[in-house]
file model_38.txt (compact mmCIF, C-alpha atoms)
# COMPACT_ATOMS: atom_id res chain seq x y z
CA MET A 6 0.00 0.00 0.00
CA TYR A 7 0.94 3.69 -0.06
CA ALA A 8 1.20 5.68 3.15
CA VAL A 9 2.29 9.09 4.40
CA GLN A 10 5.51 8.55 6.35
CA PHE A 11 8.70 10.05 7.73
CA SER A 12 11.93 8.41 8.92
CA GLU A 13 13.31 11.36 10.87
CA HIS A 14 11.95 14.46 12.58
CA GLY A 15 12.17 17.81 10.85
CA ASP A 16 10.39 20.25 8.57
CA VAL A 17 7.93 19.28 5.83
CA SER A 18 10.75 17.96 3.66
CA VAL A 19 10.94 14.77 5.78
CA LEU A 20 7.41 13.78 4.67
CA ASP A 21 6.84 11.31 1.83
CA TYR A 22 3.93 9.41 0.34
CA ASP A 23 5.41 6.07 -0.62
CA GLU A 24 5.06 2.31 -0.44
CA PHE A 25 4.66 0.76 3.01
CA ASP A 26 4.00 -2.80 4.18
CA ASP A 27 0.33 -3.73 4.36
CA PRO A 28 -0.94 -3.81 7.95
CA THR A 29 -1.45 -7.10 9.78
CA VAL A 30 -4.91 -7.40 11.32
CA GLY A 31 -4.94 -8.58 14.94
CA SER A 32 -7.73 -10.56 16.55
CA ASP A 33 -9.34 -7.41 18.01
CA GLU A 34 -8.63 -5.19 15.02
CA VAL A 35 -10.50 -4.00 11.95
CA LEU A 36 -8.91 -3.35 8.55
CA VAL A 37 -10.15 -0.04 7.17
CA ASP A 38 -9.87 1.00 3.54
CA VAL A 39 -9.27 4.69 4.12
CA LYS A 40 -11.39 7.07 2.06
CA ALA A 41 -10.13 10.29 3.67
CA GLY A 42 -7.98 11.54 6.53
CA ALA A 43 -7.63 14.93 8.20
CA LEU A 44 -4.78 16.86 9.74
CA ASN A 45 -4.48 18.30 13.22
CA HIS A 46 -1.73 20.45 14.69
CA LEU A 47 -0.73 17.29 16.53
CA ASP A 48 0.55 15.95 13.20
CA VAL A 49 2.88 18.96 12.87
CA TRP A 50 4.24 18.56 16.41
CA THR A 51 4.74 14.82 15.94
CA ARG A 52 6.64 15.41 12.71
CA ARG A 53 8.89 17.97 14.40
CA GLY A 54 9.46 15.66 17.37
CA LEU A 55 7.94 15.69 20.85
CA PRO A 56 10.01 15.39 24.05
CA GLY A 57 9.86 11.94 25.61
CA ILE A 58 8.27 10.22 22.60
CA ASP A 59 10.55 7.77 20.78
CA LEU A 60 8.73 6.69 17.62
CA GLU A 61 9.17 3.52 15.62
CA MET A 62 10.50 4.66 12.27
CA PRO A 63 9.35 5.07 9.62
CA HIS A 64 6.33 6.61 11.29
CA ILE A 65 2.88 6.95 9.71
CA PRO A 66 1.22 10.10 11.11
CA GLY A 67 -2.47 10.90 11.28
CA SER A 68 -5.07 10.62 14.05
CA ASP A 69 -8.19 11.25 11.95
CA ALA A 70 -9.52 9.09 9.13
CA ALA A 71 -12.67 7.41 7.88
CA GLY A 72 -13.37 4.57 5.49
CA VAL A 73 -14.94 1.17 4.84
CA VAL A 74 -14.29 -2.04 6.77
CA SER A 75 -12.66 -4.63 4.50
CA ALA A 76 -11.76 -7.30 7.09
CA VAL A 77 -12.20 -8.01 10.80
CA GLY A 78 -10.25 -9.99 13.38
CA GLU A 79 -11.75 -13.13 14.90
CA ASP A 80 -12.69 -11.43 18.19
CA VAL A 81 -14.36 -8.38 16.64
CA THR A 82 -18.11 -8.15 17.37
CA ARG A 83 -19.14 -4.55 16.62
CA PHE A 84 -18.23 -4.30 12.93
CA GLU A 85 -18.34 -6.34 9.75
CA GLU A 86 -17.16 -5.97 6.18
CA GLY A 87 -18.76 -3.05 4.37
CA ASP A 88 -19.42 -0.94 7.48
CA ARG A 89 -18.64 2.78 7.32
CA VAL A 90 -16.40 3.86 10.21
CA ALA A 91 -14.34 6.75 11.56
CA VAL A 92 -11.29 6.60 13.81
CA ALA A 93 -11.36 7.73 17.45
CA ALA A 94 -7.63 7.87 18.10
CA GLY A 95 -7.32 7.73 21.90
CA ARG A 96 -5.91 4.44 23.25
CA TYR A 97 -6.39 3.35 26.87
CA CYS A 98 -5.77 0.23 28.97
CA GLY A 99 -9.30 -0.35 30.32
CA LYS A 100 -7.87 -1.62 33.61
CA CYS A 101 -6.41 1.28 35.62
CA GLU A 102 -8.33 3.21 38.29
CA PHE A 103 -9.30 5.95 35.83
CA CYS A 104 -10.54 3.58 33.13
CA ARG A 105 -12.56 1.66 35.70
CA ASP A 106 -14.13 4.95 36.76
CA GLY A 107 -15.15 5.80 33.16
CA GLU A 108 -12.39 8.39 32.71
CA GLU A 109 -10.53 6.68 29.89
CA SER A 110 -8.84 9.85 28.63
CA MET A 111 -7.07 10.02 32.03
CA CYS A 112 -5.73 6.46 31.67
CA VAL A 113 -2.22 6.07 33.08
CA ASN A 114 -1.21 4.49 29.77
CA TYR A 115 -3.16 6.86 27.52
CA HIS A 116 -1.71 7.42 24.08
CA ILE A 117 -2.90 8.60 20.69
CA MET A 118 -2.72 6.95 17.31
CA GLY A 119 -0.55 9.04 15.02
CA GLU A 120 1.29 10.64 17.94
CA HIS A 121 2.67 7.81 20.08
CA VAL A 122 2.11 4.91 17.66
CA ARG A 123 1.61 4.67 13.91
CA GLY A 124 -1.41 6.49 12.61
CA VAL A 125 -3.93 6.28 9.79
CA HIS A 126 -2.84 8.51 6.90
CA ALA A 127 -2.50 5.59 4.51
CA GLU A 128 -4.52 3.61 1.99
CA ARG A 129 -5.30 1.00 4.65
CA ALA A 130 -5.09 0.91 8.44
CA ALA A 131 -5.54 -1.82 11.04
CA VAL A 132 -7.41 -0.20 13.92
CA PRO A 133 -8.52 -1.71 17.25
CA GLU A 134 -12.28 -2.24 17.34
CA GLU A 135 -12.62 0.08 20.36
CA ASN A 136 -11.07 2.92 18.33
CA LEU A 137 -13.77 2.99 15.66
CA VAL A 138 -17.19 4.62 15.58
CA PRO A 139 -19.97 3.97 13.04
CA VAL A 140 -20.60 6.54 10.33
CA PRO A 141 -24.17 6.71 8.99
CA GLU A 142 -24.99 6.57 5.31
CA GLY A 143 -25.27 10.06 3.89
CA VAL A 144 -22.36 11.50 5.86
CA ASP A 145 -19.64 12.43 3.36
CA TRP A 146 -16.12 11.10 3.85
CA HIS A 147 -14.54 14.52 4.31
CA THR A 148 -16.85 15.24 7.26
CA ALA A 149 -16.43 11.75 8.71
CA ALA A 150 -12.65 11.99 8.52
CA SER A 151 -12.45 15.48 10.04
CA ALA A 152 -14.81 15.40 13.00
CA SER A 153 -13.57 13.00 15.62
CA LEU A 154 -10.51 14.52 17.26
CA VAL A 155 -11.53 18.18 17.30
CA PHE A 156 -15.18 17.74 18.27
CA GLN A 157 -14.50 15.21 21.00
CA THR A 158 -11.76 17.47 22.39
CA ALA A 159 -13.91 20.62 22.34
CA TRP A 160 -16.92 18.76 23.78
CA ARG A 161 -14.99 17.47 26.80
CA MET A 162 -13.40 20.89 27.34
CA LEU A 163 -16.64 22.85 27.37
CA ILE A 164 -19.36 20.41 28.44
CA THR A 165 -17.52 18.14 30.90
CA ARG A 166 -14.54 20.05 32.24
CA ALA A 167 -15.75 23.69 32.13
CA ASP A 168 -19.43 22.76 32.59
CA VAL A 169 -20.62 25.70 30.49
CA GLN A 170 -24.10 26.89 31.44
CA PRO A 171 -26.70 28.79 29.37
CA GLY A 172 -26.11 32.53 29.49
CA GLU A 173 -22.43 32.32 30.42
CA LYS A 174 -19.83 34.23 28.43
CA VAL A 175 -17.29 32.04 26.62
CA LEU A 176 -14.16 33.24 24.82
CA VAL A 177 -12.63 30.93 22.21
CA LEU A 178 -9.07 31.81 21.20
CA GLY A 179 -7.90 30.78 17.74
CA ALA A 180 -11.43 30.22 16.50
CA SER A 181 -10.22 29.54 12.94
CA GLY A 182 -8.55 26.22 13.79
CA GLY A 183 -9.99 22.75 14.15
CA VAL A 184 -10.62 22.73 17.91
CA GLY A 185 -11.47 26.45 17.81
CA HIS A 186 -14.25 26.19 15.25
CA ALA A 187 -15.67 23.15 17.05
CA ALA A 188 -15.55 25.00 20.39
CA VAL A 189 -17.44 28.00 19.00
CA GLN A 190 -20.25 25.74 17.80
CA ILE A 191 -20.42 23.76 21.04
CA ALA A 192 -20.43 26.90 23.21
CA ASP A 193 -23.25 28.32 21.09
CA TYR A 194 -25.13 24.99 21.35
CA ALA A 195 -24.76 25.13 25.16
CA GLY A 196 -26.50 28.52 25.20
CA ALA A 197 -23.45 30.67 25.90
CA GLU A 198 -22.67 34.14 24.61
CA VAL A 199 -19.64 33.45 22.43
CA TYR A 200 -16.60 35.66 21.90
CA ALA A 201 -14.05 34.55 19.28
CA THR A 202 -10.59 35.66 18.23
CA ALA A 203 -8.92 35.19 14.84
CA SER A 204 -6.29 36.91 12.72
CA SER A 205 -8.26 38.16 9.72
CA GLU A 206 -11.67 39.43 8.67
CA GLU A 207 -12.25 36.29 6.61
CA LYS A 208 -11.54 34.01 9.54
CA LEU A 209 -13.77 36.09 11.80
CA ASP A 210 -16.59 35.85 9.26
CA HIS A 211 -16.31 32.07 9.45
CA ALA A 212 -16.36 32.24 13.25
CA ARG A 213 -19.58 34.24 13.02
CA GLU A 214 -21.06 31.53 10.80
CA CYS A 215 -20.15 28.99 13.48
CA GLY A 216 -22.12 30.93 16.11
CA ALA A 217 -19.81 33.58 17.54
CA ASP A 218 -21.62 36.66 18.83
CA HIS A 219 -18.57 38.92 19.24
CA LEU A 220 -15.47 38.96 17.03
CA ILE A 221 -11.96 40.14 17.90
CA ASP A 222 -9.05 40.46 15.46
CA TYR A 223 -6.10 39.76 17.72
CA GLU A 224 -3.68 41.11 15.12
CA GLU A 225 -5.29 44.55 15.42
CA THR A 226 -6.03 44.85 19.12
CA SER A 227 -5.44 43.30 22.54
CA PHE A 228 -8.18 40.74 23.11
CA ALA A 229 -7.97 41.35 26.86
CA ASP A 230 -8.75 45.04 26.35
CA GLU A 231 -11.57 44.18 23.94
CA ILE A 232 -13.11 41.69 26.36
CA ARG A 233 -13.07 44.23 29.17
CA ASP A 234 -14.74 46.81 26.90
CA LEU A 235 -17.34 44.35 25.56
CA THR A 236 -18.26 43.07 29.03
CA GLY A 237 -18.20 46.39 30.88
CA GLY A 238 -15.10 45.38 32.80
CA ARG A 239 -16.61 42.11 34.04
CA GLY A 240 -14.74 39.56 31.88
CA VAL A 241 -15.88 36.20 30.61
CA ASP A 242 -16.79 33.06 32.52
CA VAL A 243 -14.87 30.53 30.41
CA ILE A 244 -11.86 30.79 28.10
CA VAL A 245 -10.77 28.08 25.65
CA ASP A 246 -7.01 28.66 25.42
CA HIS A 247 -4.96 26.11 23.48
CA VAL A 248 -2.35 28.72 22.50
CA GLY A 249 -0.25 28.87 25.67
CA PRO A 250 2.43 31.42 26.60
CA ALA A 251 1.53 33.92 23.87
CA THR A 252 -1.99 34.39 25.27
CA TRP A 253 -1.89 33.12 28.86
CA GLU A 254 -1.46 36.46 30.64
CA ASP A 255 -4.24 38.09 28.64
CA SER A 256 -6.46 35.08 29.25
CA GLN A 257 -6.09 35.54 32.98
CA LYS A 258 -6.85 39.25 32.58
CA SER A 259 -10.00 38.42 30.59
CA LEU A 260 -11.62 36.17 33.20
CA ALA A 261 -14.49 37.24 35.39
CA LYS A 262 -14.41 36.48 39.10
CA GLY A 263 -14.66 32.71 39.49
CA GLY A 264 -13.90 32.20 35.80
CA ARG A 265 -12.39 29.08 34.24
CA ILE A 266 -9.59 28.69 31.70
CA VAL A 267 -9.72 25.31 29.98
CA THR A 268 -6.79 24.15 27.88
CA CYS A 269 -6.07 21.14 25.69
CA GLY A 270 -2.70 22.21 24.32
CA ALA A 271 -0.11 24.93 23.91
CA THR A 272 0.81 25.76 20.33
CA THR A 273 3.28 28.49 21.37
CA GLY A 274 5.13 26.37 23.93
CA PRO A 275 4.59 24.36 27.12
CA VAL A 276 5.68 26.88 29.77
CA ALA A 277 3.50 29.91 30.57
CA GLU A 278 3.82 32.34 33.49
CA THR A 279 0.76 32.29 35.73
CA ASN A 280 -0.15 35.25 37.93
CA LEU A 281 -1.02 33.51 41.18
CA ASN A 282 -2.42 36.72 42.66
CA ARG A 283 -5.14 36.65 40.00
CA VAL A 284 -5.75 32.95 40.60
CA PHE A 285 -6.48 33.24 44.32
CA TRP A 286 -7.90 36.78 44.48
CA ASN A 287 -10.31 36.26 41.57
CA GLN A 288 -10.80 32.58 42.46
CA GLN A 289 -9.92 31.48 38.95
CA GLN A 290 -9.87 27.85 37.88
CA ILE A 291 -7.35 26.37 35.43
CA LEU A 292 -8.64 23.16 33.87
CA GLY A 293 -6.69 20.72 31.73
CA SER A 294 -8.45 18.53 29.20
CA THR A 295 -7.28 15.76 26.86
CA MET A 296 -9.33 14.15 24.09
CA ALA A 297 -12.54 12.49 25.43
CA THR A 298 -14.07 9.34 26.87
CA PRO A 299 -15.95 6.87 24.64
CA GLY A 300 -19.19 8.11 26.17
CA GLU A 301 -18.39 11.73 25.34
CA ILE A 302 -17.52 10.72 21.78
CA ASP A 303 -20.86 8.95 21.54
CA ASP A 304 -22.55 12.14 22.74
CA VAL A 305 -20.96 14.58 20.32
CA LEU A 306 -20.40 12.77 17.01
CA PRO A 307 -24.12 12.11 16.35
CA LEU A 308 -24.53 15.90 16.50
CA VAL A 309 -22.01 16.15 13.66
CA TRP A 310 -23.61 13.33 11.68
CA ASP A 311 -27.07 14.94 11.89
CA GLY A 312 -25.78 18.39 10.90
CA THR A 313 -26.20 20.16 14.25
CA PHE A 314 -22.44 20.79 14.14
CA GLU A 315 -20.59 21.35 10.89
CA VAL A 316 -17.00 20.50 10.04
CA HIS A 317 -15.53 23.36 8.03
CA VAL A 318 -13.06 22.05 5.45
CA ARG A 319 -10.58 24.56 4.02
CA GLU A 320 -8.83 22.27 1.50
CA VAL A 321 -8.90 18.70 0.16
CA LEU A 322 -5.58 17.39 -1.15
CA PRO A 323 -4.22 14.03 -2.33
CA MET A 324 -1.93 12.39 0.22
CA SER A 325 0.96 12.82 -2.20
CA GLU A 326 0.68 16.56 -1.42
CA ILE A 327 1.13 15.96 2.30
CA ARG A 328 3.94 18.52 2.50
CA ARG A 329 1.57 21.20 1.25
CA ALA A 330 -1.08 20.06 3.75
CA HIS A 331 1.34 20.37 6.70
CA SER A 332 2.49 23.78 5.47
CA MET A 333 -1.09 25.05 5.47
CA LEU A 334 -1.38 24.27 9.17
CA GLU A 335 2.02 25.71 10.05
CA GLU A 336 1.37 28.92 8.12
CA ARG A 337 -2.19 29.26 9.49
CA GLU A 338 -3.71 29.40 6.02
CA GLY A 339 -7.50 29.46 5.92
CA PHE A 340 -10.24 28.35 8.30
CA GLY A 341 -11.14 24.81 9.37
CA LYS A 342 -9.76 21.39 8.55
CA VAL A 343 -7.30 20.21 5.92
CA VAL A 344 -8.35 16.86 4.43
CA VAL A 345 -5.99 14.42 2.72
CA VAL A 346 -7.24 11.60 0.49
CA PRO A 347 -5.30 8.53 -0.70
CA ASP A 348 -4.21 9.19 -4.26
CA SER A 349 -6.09 6.07 -5.36
CA GLU A 350 -9.31 7.66 -4.02
CA TYR A 351 -8.69 11.27 -5.02
CA ASP A 352 -10.97 12.62 -7.75
CA GLY A 353 -9.71 16.20 -7.84
call {"tool": "encode", "arguments": {"input": "model_38.txt", "output": "structure tokens"}}
result
Amino acid sequence: MYAVQFSEHGDVSVLDYDEFDDPTVGSDEVLVDVKAGALNHLDVWTRRGLPGIDLEMPHIPGSDAAGVVSAVGEDVTRFEEGDRVAVAAGRYCGKCEFCRDGEESMCVNYHIMGEHVRGVHAERAAVPEENLVPVPEGVDWHTAASASLVFQTAWRMLITRADVQPGEKVLVLGASGGVGHAAVQIADYAGAEVYATASSEEKLDHARECGADHLIDYEETSFADEIRDLTGGRGVDVIVDHVGPATWEDSQKSLAKGGRIVTCGATTGPVAETNLNRVFWNQQQILGSTMATPGEIDDVLPLVWDGTFEVHVREVLPMSEIRRAHSMLEEREGFGKVVVVPDSEYDG
């Protein structure tokens, strides 16, 4: 088969789309003929190299994909040949104290397909049965391939961890990205008043289409100052901040008393300075969030399949143009998800 792959960490030049051994299907695994995959910033970080993660090379990246079941292992009970499926990339042991308590994304052995182990940006992928979800007829492959990681992540952040309530004020930073555009829609669905930041008028227009009530161009103004003006000095109740050091101080400034910052990542680096005076005096909460539990995935993805939430796709490329796809994420081109399709499936 052909697969996206790299044999060393580096810039986009290390990426290739070339021949790779066909996957072996284990007893609890399903062989998926991939119809489409989608990129996340996680793919960029994995390609560059993440501290403490020693990958088996060559590595196949990719945490999001969807396709058709072509074979199943002998112990598989949930799927059969011909089923339409999408990948849910979080792997967990099922045995530790957190898994037993239904908090699989806190598993002591939690890891992610495409980040810690080989991923699914290939013509075929062998995927554990527990890492697949059904995709109804009528859902197009680009949507099916793009929804899982970002919508499960945003759902857990806002609904489970931050417990957003109707009428609360929610600020989503970087609303033009995958998690950002999902978070705007979910906050709006939860009944919040939604504030969104982005770096251009075009991106802000897309955020408005997703449900944002107030738009802030962070290239033109300080979002902390804008939030204070828009809220009469009060601040917002919840902030979705997956940016990190570049925004952390202003995020703290933008919170109302008792407000919550929820984060699932740090695109500008892992170490941010926290003003502890603001934390205790304003009784702020800082909440971490990673991926989602199977139950949370089951809650949110049907809302994508039925059209309540919409995956915004900025570009569809053949997998042979994977370098271009990665560059689009790194250079922050456009709004929404970048989809990659096996060359054998690509119709232009």
call {"tool": "axis_aligned_box", "arguments": {"input": "model_38.txt", "around": "segment 60-77 of chain A", "padding_each_side": "6 Å", "output": "AutoDock Vina command-line options"}}
result
--center_x -2.2 --center_y 1.6 --center_z 11.1 --size_x 37.4 --size_y 31.3 --size_z 25.1
call {"tool": "closest_residue", "arguments": {"input": "model_38.txt", "among": "A:Pro347, A:Pro63, A:Gly293, A:Gly31", "to": "Ala159 of chain A", "atoms": "all atoms listed in the file"}}
result
A:Gly293
call {"tool": "residues_near_point", "arguments": {"input": "model_38.txt", "point": "(-0.5, 31.1, 9.1)", "cutoff": "12 Å", "atoms": "only C-alpha atoms", "output": "ChimeraX atom specification"}}
result
/A:179,181-182,203-205,208,331-340
call {"tool": "atom_distance", "arguments": {"input": "model_38.txt", "atom1": "atom CA of Arg213 of chain A", "atom2": "atom CA of Ala229 of chain A"}}
result
19.4 Å
call {"tool": "atom_distance", "arguments": {"input": "model_38.txt", "atom1": "atom CA of Asp69 of chain A", "atom2": "atom CA of Glu214 of chain A"}}
result
24.0 Å
call {"tool": "closest_residue", "arguments": {"input": "model_38.txt", "among": "A:Thr148, A:Gln10, A:Thr226, A:Thr202", "to": "Val125 of chain A", "atoms": "only C-alpha atoms"}}
result
A:Gln10
call {"tool": "closest_residue", "arguments": {"input": "model_38.txt", "among": "A:Arg129, A:His317, A:Arg265, A:Arg123", "to": "Leu163 of chain A", "atoms": "all atoms listed in the file"}}
result
A:Arg265
